[in-house]
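Single-structure report; data block below.
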Amino acid sequence: MPVAASFIPLLATMSGNAAVVETEGLSADLIETRLAASFAGEQETPPAQGQQTAPAEPEIEADDALIEGRKRPGQPPTLPDKVTQENPGAVRPPPPEAFPADSFPIPDRWRLIESLGLVKERWFDPYHQNTLKGDRPINREKVKWLPIKEDDWFFALNAVSDTVVEPRSFPIPVGVQTTDRPGSNDVFGRTNSLVLAQTFIVGAALIKGSTAYKPPDVEYRLTLAYQVNHVDVPERRVLFVEPSKPTHRTDDFLGVQEAFIDYHLANTSDRYDFRSIRVGIQPFNMDFRGFLFQDNQLGIRLFGNRDNNRFQFNLGAIWRLEKDTNSGLNDVTQSPRDDWTLFANVFRQDFPFPGFTSQLSATLNINREADDIEIDDNGFPVRPALLGDLRGRDYDIGYIGYSGDGRIGRINLTHSLYAALGEDRNSIFTGKQAEVRAYFAAAEASYDVNWARFRVSGLFASGDGDPYDNTERGFDAIFENPIFAGADTSYWIRQTIPFAGGGRVISIQGRNGILNSLRSSKEQGQSNFNNPGTMLVGAGADFDLTPEFRLSGNVNHLWFHKTEVLQALRNEGSIPNDIGWDLSAAAIWRPKATQNIVLRLSGAVLDPGKGFRDLFTNARRDDRYYSVLFNAILAF
């Protein structure tokens, strides 16, 4: 085997003498021959007696023990001495070559580090191995009362404390029958109010299967949420329908937010592509940013993936639960609503660009609540809405959508496009059947520069330009919760603006919603496609000053798409489209650089435009409205 020139000159050690193999001036062939001979232990044949020869080259020997990592060609590797045991009857260990070089099988990998004394489990410590957090399987000997068999059962517990302190101002109608301030004869009175809310969420799951690399075989999950809230406003008949009741309210409620069984039907590839089914109260989200439907509801969902998780699909049905009026939590003590949603969607990763995920969806909302009369917990009618002809409605609306989320080069992009097509059995303006033809588009793009992200947003939801024809063109969602354009830091998304003077107990848009839908309630009301529509253009930035601290800012400008519906309801000749400027800023602090403690303080201001001023003028003629939000989240 030729020896590379990079290995020369070579220092060799000979028995009883040390010499250097001189290579300077020798040909490469001769050098290789001599080196090969030295490694093989060869010696040149001595010349015959009296024969003149060239000076003999130094003899070279190689020794495995002296040249580390070398061995004589053709010789077997040197192994350690054979392992022997002196205890009769013991099982002999396998030979050393039977073991892998870098790993050994261990029966219980979860408790190994504790056996070695490296970690000691503490039930209150979520940052190290913890049986309560699903880091290691349940020891069935310690919980024989649990109805579980076999191994690999895990228990996962989570607990969240969510605290909200929210001073705010918005147009508040003056009570018709009475007011706290005699002589207040304006349509809108004082604007300041305060909301305090404390929510405790506790969830537990019992899971079968090693979920680190494949879906669980079966999962049982239950999550309960308990909220105490207090609201104080300056006017009567805002919190209660009875004018004799005070202008403050304290309420509490316990809701069931999750209660489902998830069963693994089959694996469909050796990469653990799978097919599963989930039944019960569970989270649903129809797109990436919650534009169409984002809620925890009662339903059934068949889901899975293919092609190494690059292709995912969902097929399911939702039967909507009633909500508690003041907390928005699920109320399982009431019968579910006559409102169903059927949906199917598919996701494809890296399409049409690497790093970008595309989604196609088809959603059908079937509502049969025309004969229902629903009064909320505060005494206000929510179904049917006290708007237009005040009659109940049935409708069937199909939503066809395409959404995307990911990046294109250095640009982060998310978007959603929807067409709402269907039939409203009773238009609130004509009392007749009407077609629904409404459209929605939203996109948000951002660009990262080191620790800063700069983003721009745009949204269009079509409005109805002729409320008295047989076509409703105002886009409305099923149950929106948008994470978009500042989310609940934004004034327009966070606050509810009542549409007094044109509809009783009707709001321009709902809390944690962006669409100007003219609903009685986002939680308990029906979708309304006779609405003015929404347009938004915004810009914002996020600055991660440290791993624990972030500053965000956002500026949005909003318009009504069409104001003909507002003009008809208000009996006004013209209403400008301009809603105004929404400016917001937020500071987020995570003291431990984790999601276990998150503190947020945000503020927002709405600078009204001509259209908003035309609709709402309060007693003090305030030019601007504000919203302050302090939110503390503690999670285990």
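Ligands are numbered from 1 in the order shown, chains are lettered A, B, ... in the order of the structure tokens, and residues start at 1 in each chain.
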Using only C-alpha atoms, determine which residues lie at most 8 Å from A:Ala485, disregarding the query and same-chain residues fewer than 4 positions distant; provide the list as an MDAnalysis selection string.
chainID A and resid 444 457 490 538:540 554 556
Just C-alpha atoms for this one: save the residues we selected as a PDB file, in the first residue's frame.
```pdb
ATOM      1  CA  GLU A 444     -49.541  40.382   7.028  1.00  0.00           C
ATOM      2  CA  SER A 457     -50.983  44.472   7.496  1.00  0.00           C
ATOM      3  CA  SER A 490     -55.351  47.102  19.261  1.00  0.00           C
ATOM      4  CA  GLY A 538     -51.560  48.957   9.319  1.00  0.00           C
ATOM      5  CA  ALA A 539     -47.871  48.858  10.181  1.00  0.00           C
ATOM      6  CA  GLY A 540     -46.041  47.706  13.279  1.00  0.00           C
ATOM      7  CA  ASN A 554     -48.793  49.182  15.921  1.00  0.00           C
ATOM      8  CA  ASN A 556     -53.828  50.916  11.978  1.00  0.00           C
TER       9      ASN A 556
END
```
Using only C-alpha atoms for the distances, tell me which of A:Asn531, A:Gln595, A:Gln526, A:Ser574 is nearest to A:Gly474.
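Closest residue, counting only C-alpha atoms: A:Asn531.
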Between A:Glu423, A:Asp623, A:Asp448, A:Asp287, single out the one closest to A:Gly401, counting only C-alpha atoms.
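Once distances to A:Gly401 are computed over only C-alpha atoms, the minimum belongs to A:Asp287.
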Of the candidates A:Leu196, A:Val505, A:Ile277, A:Ala541, which shows the shortest atom-to-atom distance to A:Pro173, using only C-alpha atoms?
A:Val505
DSSP says strand (DSSP E) for which residues of stretch 172-248 of chain A? Put them as JSON, numbers by chain?
{"A": [192, 193, 194, 195, 196, 197, 198, 199, 200, 201, 202, 203, 204, 205, 206, 207, 208, 218, 219, 220, 221, 222, 223, 224, 225, 226, 227, 228, 229, 230, 231, 232, 248]}
Neighbours of A:Ile375 within 10 Å (only C-alpha atoms; same-chain residues fewer than 4 positions away dropped), as a list of chain:residue names?
A:Thr325, A:Gly379, A:Phe380, A:Pro381, A:Val382, A:Arg383, A:Pro384, A:Gln524
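Among the candidates A:Gly603, A:Gly503, A:Gly355, A:Gly404, the residue lying nearest to A:Gly553 is A:Gly603 (atoms considered: only C-alpha atoms).
Atom CA of A:Ile493 sits 5.1 Å away from atom CA of A:Gly513.
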Near A:Tyr226, counting only C-alpha atoms, which residues have an atom at most 12 Å away, once you skip same-chain residues fewer than 6 positions from it, shown as a ChimeraX atom specification?
/A:159-163,197-203,251-257,324,327-331
Neighbouring residues of A:Tyr272 were defined as those with any atom within 10 Å, considering only C-alpha atoms; residues of the same chain fewer than 4 positions away were excluded. Please report them as a PyMOL selection string.
chain A and resi 213-215+266-268+305-309
As an exercise, work out the distance from atom CA of A:Gln312 to atom CA of A:Arg348 in Å and give it to one decimal place.
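Atom-to-atom, atom CA of A:Gln312 to atom CA of A:Arg348, that is 6.6 Å.
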What lies within 10 Å of A:Leu569 using only C-alpha atoms, ignoring chain neighbours under 3 positions off, as a list in words?
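Final neighbour list, sorted by chain and number: Leu387, Gly388, Phe429, Pro467, Phe499, Gly501, Gly502, Gly503, Glu564, Val565, Leu566 and Glu572 of chain A.
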For the selection you just gave me, I'd like the residues written to a file as an mmCIF file, in the first residue's frame, keeping C-alpha atoms.
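Okay, again-v2.cif is ready:
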```cif
data_model
loop_
_atom_site.group_PDB
_atom_site.id
_atom_site.type_symbol
_atom_site.label_atom_id
_atom_site.label_comp_id
_atom_site.auth_asym_id
_atom_site.auth_seq_id
_atom_site.Cartn_x
_atom_site.Cartn_y
_atom_site.Cartn_z
ATOM 1 C CA LEU A 387 -82.125 44.817 14.457
ATOM 2 C CA GLY A 388 -84.176 45.404 11.313
ATOM 3 C CA PHE A 429 -84.419 44.436 5.918
ATOM 4 C CA PRO A 467 -79.650 46.412 2.163
ATOM 5 C CA PHE A 499 -74.418 50.663 17.941
ATOM 6 C CA GLY A 501 -79.464 54.740 18.000
ATOM 7 C CA GLY A 502 -79.748 52.170 15.206
ATOM 8 C CA GLY A 503 -80.231 48.845 16.921
ATOM 9 C CA GLU A 564 -75.614 52.206 3.259
ATOM 10 C CA VAL A 565 -76.628 49.725 6.000
ATOM 11 C CA LEU A 566 -75.681 52.231 8.707
ATOM 12 C CA GLU A 572 -79.316 59.369 8.001
#
```
Provide the atom CA of A:Arg368 to atom CA of A:Ser517 distance in Å, to one decimal place.
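These atoms are spaced 19.3 Å apart.
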Have a look at A:Phe284, A:Phe313, A:Phe343, A:Phe240 and name the one nearest to A:Ser358; count only C-alpha atoms.
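Going through A:Phe284, A:Phe313, A:Phe343, A:Phe240 one by one, the smallest distance to A:Ser358 is for A:Phe313.
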